[in-house]
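J.: Handing over structure-v3.tsv, TSV, C-alpha atoms.
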```tsv
chain	number	residue	atom	x	y	z
A	1	MET	CA	28.10	62.83	-32.07
A	2	SER	CA	31.87	62.32	-32.07
A	3	ASN	CA	31.98	63.20	-28.39
A	4	LEU	CA	29.28	60.64	-27.67
A	5	ILE	CA	31.18	57.95	-29.56
A	6	LYS	CA	34.35	58.76	-27.70
A	7	ARG	CA	32.48	58.65	-24.41
A	8	PHE	CA	31.21	55.11	-25.03
A	9	SER	CA	34.23	53.73	-26.83
A	10	ILE	CA	35.89	50.57	-25.53
A	11	PRO	CA	38.91	52.41	-24.12
A	12	ALA	CA	36.59	54.80	-22.33
A	13	LEU	CA	34.52	51.95	-20.88
A	14	LEU	CA	37.63	50.14	-19.71
A	15	ASN	CA	38.79	53.33	-18.06
A	16	HIS	CA	35.46	53.69	-16.24
A	17	ILE	CA	35.63	50.05	-15.11
A	18	LYS	CA	39.12	50.65	-13.81
A	19	GLU	CA	37.97	53.73	-11.89
A	20	TYR	CA	34.97	51.94	-10.43
A	21	TRP	CA	36.51	48.44	-10.17
A	22	PHE	CA	35.61	48.10	-6.51
A	23	LEU	CA	31.91	48.73	-7.19
A	24	VAL	CA	31.95	46.42	-10.22
A	25	THR	CA	33.45	43.64	-8.07
A	26	ILE	CA	30.77	44.09	-5.43
A	27	VAL	CA	27.98	43.98	-8.03
A	28	ILE	CA	29.36	40.81	-9.68
A	29	SER	CA	29.89	39.15	-6.29
A	30	THR	CA	26.37	40.05	-5.20
A	31	MET	CA	24.86	38.69	-8.41
A	32	GLY	CA	26.89	35.49	-8.06
A	33	SER	CA	25.74	35.07	-4.46
A	34	ILE	CA	22.09	35.57	-5.43
A	35	PHE	CA	22.45	33.01	-8.24
A	36	TYR	CA	24.06	30.50	-5.86
A	37	MET	CA	21.30	31.01	-3.29
A	38	LEU	CA	18.59	30.46	-5.91
A	39	VAL	CA	20.19	27.36	-7.41
A	40	PHE	CA	21.23	25.60	-4.19
A	41	GLN	CA	18.43	27.02	-2.01
A	42	VAL	CA	20.66	28.46	0.68
A	43	THR	CA	20.70	31.80	2.45
A	44	PRO	CA	23.53	33.90	3.87
A	45	PHE	CA	22.45	32.63	7.28
A	46	ASP	CA	23.19	29.01	6.41
A	47	LYS	CA	26.37	27.76	7.93
A	48	TYR	CA	28.89	25.91	5.80
A	49	TYR	CA	28.57	22.64	7.67
A	50	GLU	CA	24.79	22.69	7.25
A	51	ILE	CA	25.15	22.98	3.48
A	52	LYS	CA	27.76	20.24	3.45
A	53	HIS	CA	25.57	18.02	5.61
A	54	ARG	CA	22.64	18.52	3.25
A	55	ARG	CA	24.71	17.47	0.25
A	56	GLU	CA	25.97	14.41	2.12
A	57	GLN	CA	22.41	13.43	3.07
A	58	VAL	CA	21.30	13.73	-0.55
A	59	GLU	CA	24.18	11.50	-1.67
A	60	PHE	CA	23.29	9.02	1.08
A	61	HIS	CA	19.63	8.77	0.03
A	62	ASN	CA	20.59	8.52	-3.64
A	63	LEU	CA	23.04	5.71	-2.90
A	64	ILE	CA	20.35	3.73	-1.07
A	65	GLY	CA	17.76	4.62	-3.71
A	66	TYR	CA	19.81	3.32	-6.62
A	67	SER	CA	20.77	0.19	-4.68
A	68	LEU	CA	17.10	-0.56	-4.03
A	69	LEU	CA	16.19	0.27	-7.62
A	70	GLU	CA	18.80	-2.18	-8.92
A	71	LYS	CA	17.30	-4.90	-6.71
A	72	GLY	CA	13.78	-4.30	-7.98
A	73	HIS	CA	12.41	-2.64	-4.82
A	74	TYR	CA	10.89	0.25	-6.74
A	75	LYS	CA	8.55	1.64	-4.08
A	76	SER	CA	11.28	1.81	-1.42
A	77	ALA	CA	13.68	3.31	-3.97
A	78	LYS	CA	11.19	6.05	-4.82
A	79	THR	CA	10.86	6.89	-1.12
A	80	GLU	CA	14.63	7.38	-0.81
A	81	PHE	CA	14.78	9.60	-3.89
A	82	GLU	CA	11.92	11.72	-2.57
A	83	ARG	CA	13.79	12.20	0.71
A	84	ALA	CA	16.76	13.45	-1.29
A	85	ILE	CA	14.53	15.79	-3.34
A	86	ASP	CA	13.06	17.22	-0.12
A	87	LEU	CA	16.60	18.31	0.79
A	88	ILE	CA	17.62	19.63	-2.65
A	89	SER	CA	14.79	19.86	-5.15
A	90	ILE	CA	16.97	20.16	-8.28
A	91	ASP	CA	19.37	17.28	-7.70
A	92	TYR	CA	19.26	15.49	-11.05
A	93	ASP	CA	20.43	12.13	-9.68
A	94	SER	CA	17.43	12.14	-7.34
A	95	LEU	CA	14.98	13.34	-9.99
A	96	ASN	CA	16.11	10.75	-12.54
A	97	GLY	CA	16.01	8.00	-9.92
A	98	ARG	CA	12.48	8.90	-8.90
A	99	TYR	CA	11.38	9.04	-12.54
A	100	LEU	CA	12.77	5.57	-13.28
A	101	SER	CA	11.19	4.18	-10.10
A	102	GLU	CA	7.83	5.57	-11.18
A	103	LEU	CA	8.19	4.00	-14.64
A	104	PHE	CA	8.79	0.55	-13.14
A	105	LEU	CA	5.95	1.00	-10.63
A	106	ALA	CA	3.57	2.11	-13.38
A	107	MET	CA	4.28	-1.11	-15.29
A	108	GLU	CA	3.18	-3.13	-12.25
A	109	SER	CA	-0.16	-1.31	-12.09
A	110	PRO	CA	-3.22	-3.20	-13.40
A	111	ASP	CA	-4.27	-0.16	-15.46
A	112	TRP	CA	-0.85	0.26	-17.13
A	113	ASN	CA	-1.20	1.17	-20.79
A	114	PRO	CA	1.54	-0.15	-23.11
A	115	SER	CA	0.99	2.73	-25.53
A	116	ILE	CA	2.21	5.12	-22.84
A	117	GLY	CA	5.38	3.08	-22.37
A	118	LEU	CA	6.01	3.08	-26.11
A	119	THR	CA	5.41	6.83	-26.31
A	120	ILE	CA	8.03	7.65	-23.69
A	121	GLN	CA	10.47	4.99	-24.89
A	122	SER	CA	12.56	7.41	-26.96
A	123	PHE	CA	12.65	9.95	-24.14
A	124	VAL	CA	13.79	7.32	-21.65
A	125	LYS	CA	16.66	6.46	-23.96
A	126	GLU	CA	17.87	10.06	-23.61
A	127	LEU	CA	18.74	9.29	-19.99
A	128	GLN	CA	21.50	7.05	-21.38
A	129	THR	CA	23.29	10.11	-22.76
A	130	THR	CA	24.28	11.28	-19.29
A	131	GLU	CA	27.99	11.88	-19.05
A	132	ASP	CA	28.82	9.08	-16.60
A	133	LYS	CA	26.38	6.55	-18.16
A	134	LYS	CA	25.34	5.44	-14.67
A	135	LEU	CA	21.70	5.05	-15.68
A	136	SER	CA	22.26	3.08	-18.88
A	137	HIS	CA	21.91	-0.40	-17.36
A	138	ILE	CA	18.67	0.59	-15.59
A	139	VAL	CA	17.24	2.13	-18.75
A	140	GLU	CA	18.06	-1.04	-20.70
A	141	LYS	CA	16.34	-3.12	-18.01
A	142	TYR	CA	13.23	-0.95	-18.27
A	143	LEU	CA	13.20	-1.29	-22.06
A	144	GLY	CA	13.55	-5.07	-21.64
A	145	ASP	CA	10.54	-5.14	-19.31
A	146	LEU	CA	8.57	-2.91	-21.66
A	147	ASN	CA	9.18	-5.13	-24.69
A	148	TYR	CA	8.45	-8.25	-22.61
A	149	ARG	CA	5.05	-6.86	-21.65
A	150	ILE	CA	4.07	-6.18	-25.27
A	151	GLY	CA	5.39	-9.51	-26.58
A	152	ASN	CA	8.50	-8.33	-28.45
A	153	TYR	CA	10.60	-11.22	-27.16
A	154	ASN	CA	13.61	-10.72	-29.45
A	155	ASP	CA	13.94	-7.08	-28.37
A	156	THR	CA	13.39	-8.14	-24.76
A	157	LYS	CA	16.37	-10.48	-24.93
A	158	LEU	CA	18.58	-7.82	-26.56
A	159	HIS	CA	17.80	-5.23	-23.89
A	160	TYR	CA	18.31	-7.65	-20.99
A	161	GLU	CA	21.62	-8.80	-22.46
A	162	LYS	CA	22.70	-5.18	-22.94
A	163	SER	CA	21.74	-4.31	-19.37
A	164	LEU	CA	23.80	-7.18	-17.96
A	165	SER	CA	26.75	-6.36	-20.20
A	166	LEU	CA	26.80	-2.92	-18.57
A	167	LYS	CA	26.48	-4.34	-15.04
A	168	GLN	CA	26.98	-8.10	-14.62
A	169	ASN	CA	25.56	-8.39	-11.09
A	170	TYR	CA	22.47	-6.26	-11.70
A	171	ILE	CA	20.02	-8.18	-9.48
A	172	ASP	CA	16.77	-6.96	-11.01
A	173	ALA	CA	17.95	-7.71	-14.56
A	174	LEU	CA	19.15	-11.19	-13.57
A	175	PHE	CA	15.78	-11.85	-11.94
A	176	SER	CA	13.64	-10.68	-14.85
A	177	TYR	CA	15.83	-12.24	-17.53
A	178	GLY	CA	15.91	-15.49	-15.55
A	179	TRP	CA	12.12	-15.83	-15.55
A	180	PHE	CA	11.99	-14.69	-19.18
A	181	ASN	CA	13.97	-17.85	-19.96
A	182	TYR	CA	11.22	-19.87	-18.28
A	183	GLU	CA	8.08	-18.08	-19.46
A	184	GLY	CA	9.14	-16.12	-22.55
A	185	ILE	CA	11.65	-18.06	-24.65
A	186	PRO	CA	12.19	-21.24	-22.54
A	187	ASP	CA	15.83	-22.11	-21.91
A	188	LEU	CA	16.27	-23.88	-18.57
A	189	LYS	CA	20.07	-23.94	-18.76
A	190	LYS	CA	20.19	-20.18	-19.35
A	191	MET	CA	17.69	-19.73	-16.53
A	192	GLU	CA	19.94	-21.78	-14.25
A	193	GLN	CA	23.01	-19.69	-15.15
A	194	LEU	CA	21.24	-16.37	-14.51
A	195	PHE	CA	19.78	-17.38	-11.16
A	196	ASP	CA	23.09	-18.94	-10.11
A	197	LYS	CA	24.70	-15.51	-10.64
A	198	MET	CA	21.87	-13.85	-8.73
A	199	ALA	CA	22.13	-16.24	-5.77
A	200	LYS	CA	25.87	-15.63	-5.56
A	201	ALA	CA	25.49	-11.86	-5.93
A	202	ASP	CA	23.09	-11.59	-2.98
A	203	ILE	CA	23.00	-14.47	-0.51
A	204	TYR	CA	20.11	-12.88	1.42
A	205	ASP	CA	17.72	-12.54	-1.52
A	206	CYS	CA	15.59	-15.68	-1.57
A	207	ARG	CA	14.44	-14.94	-5.14
A	208	GLY	CA	17.81	-16.07	-6.45
A	209	PHE	CA	17.61	-19.43	-4.66
A	210	HIS	CA	13.99	-19.79	-5.73
A	211	GLY	CA	14.74	-19.25	-9.43
A	212	LEU	CA	17.82	-21.48	-9.35
A	213	GLY	CA	15.99	-24.24	-7.50
A	214	TYR	CA	13.08	-24.12	-9.91
A	215	ALA	CA	15.34	-24.23	-12.98
A	216	LEU	CA	17.09	-27.33	-11.62
A	217	TYR	CA	13.78	-28.89	-10.55
A	218	MET	CA	12.29	-28.48	-14.03
A	219	GLN	CA	15.40	-29.97	-15.61
A	220	ALA	CA	15.18	-32.93	-13.23
A	221	ILE	CA	11.56	-33.62	-14.22
A	222	LYS	CA	12.52	-33.71	-17.90
A	223	GLU	CA	15.79	-35.66	-17.45
A	224	LYS	CA	15.75	-39.31	-18.62
A	225	ASP	CA	19.12	-40.33	-17.20
A	226	LEU	CA	18.48	-41.46	-13.61
A	227	LYS	CA	21.91	-40.52	-12.28
A	228	HIS	CA	21.82	-37.04	-13.76
A	229	ARG	CA	18.23	-36.61	-12.58
A	230	ASP	CA	19.26	-37.41	-9.01
A	231	GLU	CA	22.12	-34.90	-9.25
A	232	LEU	CA	19.80	-32.18	-10.51
A	233	ILE	CA	17.12	-32.71	-7.85
A	234	ALA	CA	19.80	-32.84	-5.14
A	235	LYS	CA	21.14	-29.46	-6.31
A	236	ALA	CA	17.60	-28.12	-6.44
A	237	PHE	CA	17.02	-29.27	-2.85
A	238	GLU	CA	20.14	-27.37	-1.74
A	239	GLN	CA	18.44	-24.13	-2.78
A	240	SER	CA	15.38	-24.92	-0.65
A	241	TYR	CA	17.61	-25.83	2.27
A	242	THR	CA	19.56	-22.57	1.97
A	243	ALA	CA	16.32	-20.58	1.73
A	244	SER	CA	14.95	-22.30	4.85
A	245	ARG	CA	17.39	-20.24	6.92
A	246	LEU	CA	15.85	-17.00	5.66
A	247	ILE	CA	12.61	-15.39	6.80
A	248	ILE	CA	10.21	-15.66	3.86
A	249	ASN	CA	6.65	-14.35	4.04
A	250	GLN	CA	5.77	-14.68	0.36
A	251	LEU	CA	3.37	-17.58	-0.03
A	252	ASN	CA	4.16	-18.64	-3.60
A	253	LEU	CA	7.89	-18.79	-2.83
A	254	VAL	CA	7.32	-20.84	0.32
A	255	MET	CA	5.13	-23.27	-1.61
A	256	ASP	CA	7.65	-23.67	-4.43
A	257	PHE	CA	10.52	-24.28	-2.02
A	258	GLY	CA	8.44	-27.03	-0.42
A	259	GLU	CA	7.59	-28.59	-3.76
A	260	ILE	CA	11.25	-28.58	-4.83
A	261	ALA	CA	12.35	-30.22	-1.56
A	262	ARG	CA	9.67	-32.95	-1.51
A	263	ALA	CA	11.47	-35.73	-3.37
A	264	THR	CA	14.74	-35.33	-1.44
A	265	ASN	CA	13.65	-34.19	2.01
A	266	PRO	CA	9.89	-34.44	2.63
A	267	GLU	CA	10.38	-33.27	6.23
A	268	LEU	CA	11.61	-29.88	4.96
A	269	SER	CA	8.79	-29.82	2.43
A	270	ILE	CA	6.28	-30.28	5.25
A	271	GLU	CA	7.89	-27.40	7.17
A	272	PHE	CA	7.57	-25.09	4.19
A	273	HIS	CA	3.96	-26.00	3.47
A	274	LYS	CA	2.90	-25.71	7.10
A	275	TRP	CA	4.55	-22.29	7.09
A	276	GLY	CA	2.34	-21.57	4.07
A	277	LEU	CA	-0.73	-22.31	6.19
A	278	GLN	CA	0.58	-19.97	8.89
A	279	ILE	CA	1.01	-17.19	6.33
A	280	LEU	CA	-2.55	-17.78	5.18
A	281	ASP	CA	-3.85	-17.63	8.77
A	282	ASP	CA	-1.86	-14.54	9.72
A	283	PRO	CA	-4.04	-11.41	9.24
A	284	VAL	CA	-1.02	-9.25	8.39
A	285	ASN	CA	0.93	-11.59	6.10
A	286	ASN	CA	-2.22	-12.75	4.34
A	287	GLN	CA	-3.00	-9.18	3.28
A	288	LEU	CA	0.43	-8.41	1.85
A	289	PRO	CA	-0.02	-7.56	-1.86
A	290	GLN	CA	2.10	-10.54	-2.98
A	291	ASN	CA	-0.08	-12.91	-0.93
A	292	ALA	CA	-3.51	-11.33	-1.41
A	293	SER	CA	-3.29	-11.39	-5.20
A	294	SER	CA	-4.38	-14.38	-7.28
A	295	PHE	CA	-1.88	-17.15	-8.03
A	296	GLY	CA	-1.50	-19.13	-11.21
A	297	VAL	CA	-0.47	-22.79	-11.03
A	298	GLN	CA	0.83	-24.31	-14.25
A	299	LEU	CA	0.45	-28.07	-14.55
A	300	LEU	CA	3.83	-29.60	-15.38
A	301	THR	CA	3.05	-33.09	-16.69
A	302	ARG	CA	0.02	-32.15	-18.77
A	303	ASP	CA	-1.56	-29.15	-20.41
A	304	GLY	CA	-3.50	-27.02	-18.01
A	305	TYR	CA	-3.53	-24.08	-15.65
A	306	ARG	CA	-5.33	-23.36	-12.41
A	307	SER	CA	-6.00	-19.92	-10.97
A	308	LEU	CA	-6.16	-19.54	-7.17
A	309	GLU	CA	-8.28	-16.48	-6.49
A	310	THR	CA	-9.32	-16.70	-2.84
A	311	SER	CA	-7.81	-17.72	0.48
A	312	SER	CA	-10.03	-20.80	0.36
A	313	ASP	CA	-8.55	-21.77	-3.02
A	314	LYS	CA	-5.04	-21.39	-1.60
A	315	ARG	CA	-5.93	-23.49	1.43
A	316	VAL	CA	-7.08	-26.30	-0.86
A	317	TRP	CA	-3.79	-26.03	-2.74
A	318	ILE	CA	-1.70	-26.22	0.45
A	319	ASN	CA	-3.62	-29.23	1.76
A	320	TYR	CA	-3.08	-31.11	-1.50
A	321	GLN	CA	0.64	-30.31	-1.25
A	322	LEU	CA	0.85	-31.50	2.36
A	323	ALA	CA	-0.88	-34.75	1.40
A	324	LEU	CA	1.86	-35.32	-1.19
A	325	ASP	CA	4.57	-34.41	1.32
A	326	TYR	CA	3.39	-37.12	3.70
A	327	LEU	CA	3.09	-39.59	0.83
A	328	SER	CA	6.73	-38.88	-0.03
A	329	LEU	CA	7.66	-39.33	3.63
A	330	TYR	CA	5.75	-42.64	3.69
A	331	LYS	CA	7.67	-43.85	0.61
A	332	LYS	CA	10.90	-42.93	2.38
A	333	GLU	CA	10.23	-44.37	5.87
A	334	LYS	CA	7.31	-46.79	5.32
A	335	LYS	CA	5.54	-45.67	8.49
A	336	PRO	CA	1.74	-46.18	8.41
A	337	GLU	CA	1.09	-42.95	10.33
A	338	HIS	CA	2.56	-40.97	7.46
A	339	PHE	CA	0.20	-42.60	4.96
A	340	LYS	CA	-2.68	-41.84	7.32
A	341	LEU	CA	-1.64	-38.18	7.42
A	342	HIS	CA	-1.57	-38.22	3.61
A	343	ASP	CA	-5.18	-39.43	3.63
A	344	ASN	CA	-6.20	-36.83	6.23
A	345	TYR	CA	-4.81	-33.88	4.25
A	346	LEU	CA	-6.16	-35.29	0.98
A	347	ASN	CA	-9.65	-35.65	2.45
A	348	GLU	CA	-9.44	-32.14	3.93
A	349	ALA	CA	-8.49	-30.74	0.53
A	350	LYS	CA	-11.28	-32.60	-1.25
A	351	SER	CA	-13.87	-31.45	1.28
A	352	LEU	CA	-12.89	-27.83	0.47
A	353	ASP	CA	-12.58	-28.57	-3.25
A	354	GLN	CA	-16.16	-29.76	-3.72
A	355	LYS	CA	-16.23	-29.01	-7.47
A	356	ASN	CA	-12.86	-30.68	-8.03
A	357	ASP	CA	-11.45	-27.44	-9.44
A	358	PHE	CA	-7.96	-28.09	-8.09
A	359	VAL	CA	-7.59	-31.85	-7.81
A	360	ALA	CA	-5.62	-31.74	-11.08
A	361	ILE	CA	-2.82	-30.02	-9.13
A	362	TYR	CA	-2.61	-33.03	-6.80
A	363	GLU	CA	-2.67	-35.48	-9.72
A	364	ASP	CA	0.01	-33.52	-11.58
A	365	GLN	CA	2.30	-33.40	-8.55
A	366	LEU	CA	1.68	-37.09	-7.88
A	367	GLU	CA	3.05	-37.88	-11.35
A	368	ILE	CA	6.14	-35.77	-10.62
A	369	LEU	CA	6.65	-37.57	-7.31
A	370	LYS	CA	6.58	-40.90	-9.17
A	371	ILE	CA	9.16	-39.59	-11.65
A	372	LEU	CA	11.53	-38.29	-8.99
A	373	THR	CA	11.08	-41.14	-6.48
A	374	PRO	CA	10.57	-44.31	-8.54
A	375	ASP	CA	9.76	-47.47	-6.55
```
Using the file provided, produce a representation of the structure as structure tokens.

T.:
Amino acid sequence: MSNLIKRFSIPALLNHIKEYWFLVTIVISTMGSIFYMLVFQVTPFDKYYEIKHRREQVEFHNLIGYSLLEKGHYKSAKTEFERAIDLISIDYDSLNGRYLSELFLAMESPDWNPSIGLTIQSFVKELQTTEDKKLSHIVEKYLGDLNYRIGNYNDTKLHYEKSLSLKQNYIDALFSYGWFNYEGIPDLKKMEQLFDKMAKADIYDCRGFHGLGYALYMQAIKEKDLKHRDELIAKAFEQSYTASRLIINQLNLVMDFGEIARATNPELSIEFHKWGLQILDDPVNNQLPQNASSFGVQLLTRDGYRSLETSSDKRVWINYQLALDYLSLYKKEKKPEHFKLHDNYLNEAKSLDQKNDFVAIYEDQLEILKILTPD
């Protein structure tokens, strides 16, 4: 027994390791190489530059993915993360990015279940514990959206504020928080501030100009002081003018830009609304998800809401808007042909709107035109 103990004592083992150090080194090196190959999915036949190129491609796709995710383009972001995962399947930046993209996309689905969002809420928060905190602002934005959907407005505000405190120019958070201040807890000045930041952060994203223009437009409608009202509607028009230089194929944005411009520049309003008809008549643009879905039109001078379900409904809406555009142009230039065009578009709209489902939109906008362009 004593011989056995001596044989396997620490000094004896160290002596054996010393004698067979070369073999021990080879074994450890081999095990390390196998571990590296399993983790990073490489083989001894891979060349160094190929491995390096793969890592660079993953970083490239992740960079684009997170940029798209921060702008609210969740589907495109997911595609970039999946390209990165195809190159290295265990890259955690890619996996986390895809997971967050899927969470945002799921919330847009008509069969989204809020109980699922609440169930995973605590697990999503764990993503904020990452060492570099680079996901924290996105997680806070998701939690803001989640609470908005279930009607927890106070928590919504807290999460959006937290998200923007972590990243001030976070486009998607500015966008969602901006509309929250219109539809959730109304605050038109706050809405204006948020969309002003968004418009300055990305001069090619028409959503910033749209939100800013609409915030100013709504303030102008409510303003009693004529001078200040004119200043507000002029600033609102500037957003429509800036957006007119961009290519916009989203019907509701085009229509709003036209509505905002009507009192100041009816010619531009006509351009926008005729572009709306072209979108409706284009077989590709008309079938885009954002155009094919139903639209809700909130009446602004009275209680009421109209839902536009079909292309025919939307055509009625556009014709009513064009009638008002030409009425505004008639008030500006006093040319009889413009009043005749008003009558033509109004009659066209009424012939399509046989049950008078949408004439309230025309009447509502007519009241606004009177407010913004008093005789």

J.: For stretch 126-196 of chain A versus stretch 93-113 of chain A, which residues have an atom no more than 8 Å away, and what is each residue's nearest atom pair and distance in Å rounded to one decimal, using only C-alpha atoms, chain-then-number order, as JSON lines?

T.:
```
{"residue": "A:Val139", "atom": "CA", "partner": "A:Leu100", "partner_atom": "CA", "distance": 7.9}
{"residue": "A:Tyr142", "atom": "CA", "partner": "A:Phe104", "partner_atom": "CA", "distance": 6.9}
{"residue": "A:Leu146", "atom": "CA", "partner": "A:Met107", "partner_atom": "CA", "distance": 7.9}
```

J.: Enter the distance from atom CA of A:Tyr177 to atom CA of A:Ser165, in Å, rounded to one decimal.

T.: 12.7 Å

J.: Calculated over all atoms listed in the file, which of the candidates A:Pro374, A:Gly65, A:Pro266, A:Gly178 has the smallest distance to A:Arg83?

T.: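 Smallest distance to A:Arg83 is found for A:Gly65.
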
J.: Of the residues A:Tyr74, A:Tyr170, A:Tyr217, A:Phe295, which is the one nearest to A:Leu369, using all atoms listed in the file?

T.: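 That would be A:Tyr217, the residue with the smallest distance to A:Leu369.
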
J.: Rounded to one decimal, what separation in Å do you get between atom CA of A:Lys314 and atom CA of A:His338?

T.: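 Computing the Euclidean distance for atom CA of A:Lys314 and atom CA of A:His338 yields 22.9 Å.
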
J.: Excluding same-chain residues fewer than 5 positions from A:Cys206, what lies within 8 Å of it counting all atoms listed in the file, as number ranges by chain?

T.: A: 199, 243, 246, 248

J.: Restricting it to C-alpha atoms, dump the selection as an mmCIF file, in the frame of the given file.

T.:
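Contents of the output file out23.cif:
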```cif
data_model
loop_
_atom_site.group_PDB
_atom_site.id
_atom_site.type_symbol
_atom_site.label_atom_id
_atom_site.label_comp_id
_atom_site.auth_asym_id
_atom_site.auth_seq_id
_atom_site.Cartn_x
_atom_site.Cartn_y
_atom_site.Cartn_z
ATOM 1 C CA ALA A 199 22.130 -16.240 -5.770
ATOM 2 C CA ALA A 243 16.320 -20.580 1.730
ATOM 3 C CA LEU A 246 15.850 -17.000 5.660
ATOM 4 C CA ILE A 248 10.210 -15.660 3.860
#
```

J.: What does the structure give for the distance between atom CA of A:Gln239 and atom CA of A:Glu348, in Å to one decimal?

T.: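 The value is 29.8 Å.
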
J.: Pick out the residues sitting within 9 Å of A:Ser311, and hand them over as a PyMOL selection string; count only C-alpha atoms, and ignore anything fewer than 3 positions along from it in its own chain.

T.: chain A and resi 280+286+292+308+314-316

J.: When distances are computed from all atoms listed in the file, which of A:Leu188, A:Leu341, A:Ile233, A:Leu253 shows the smallest separation from A:Ile371?

T.: A:Ile233

J.: List the spatial neighbours of A:Leu118 as a ChimeraX atom specification - criterion: any atom at most 12 Å away, all atoms listed in the file, same-chain residues fewer than 3 positions off excluded.

T.: /A:103,107,112-115,121-125,142-147,149-150,152

J.: Have a look at A:Ile51, A:Ile138, A:Ala236, A:Val359 and name the one nearest to A:Gly211; count all atoms listed in the file.

T.: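 The closest residue to A:Gly211 is A:Ala236.
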
J.: Determine the nearest neighbour of A:Tyr160 from the options A:Ala323, A:Leu216, A:Ile88, A:Leu194, counting only C-alpha atoms.

T.: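 Of the candidates, the smallest distance to A:Tyr160 is held by A:Leu194.
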
J.: From the list A:Phe60, A:Tyr362, A:Phe180, A:Phe175, which residue is nearest A:Glu259 when using all atoms listed in the file?

T.: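 Once distances to A:Glu259 are computed over all atoms listed in the file, the minimum belongs to A:Tyr362.
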
J.: Counting only C-alpha atoms, what is within 8 Å of A:Asn169, bar same-chain residues fewer than 4 positions away, as an MDAnalysis selection string?

T.: chainID A and resid 164 174 197:198 201
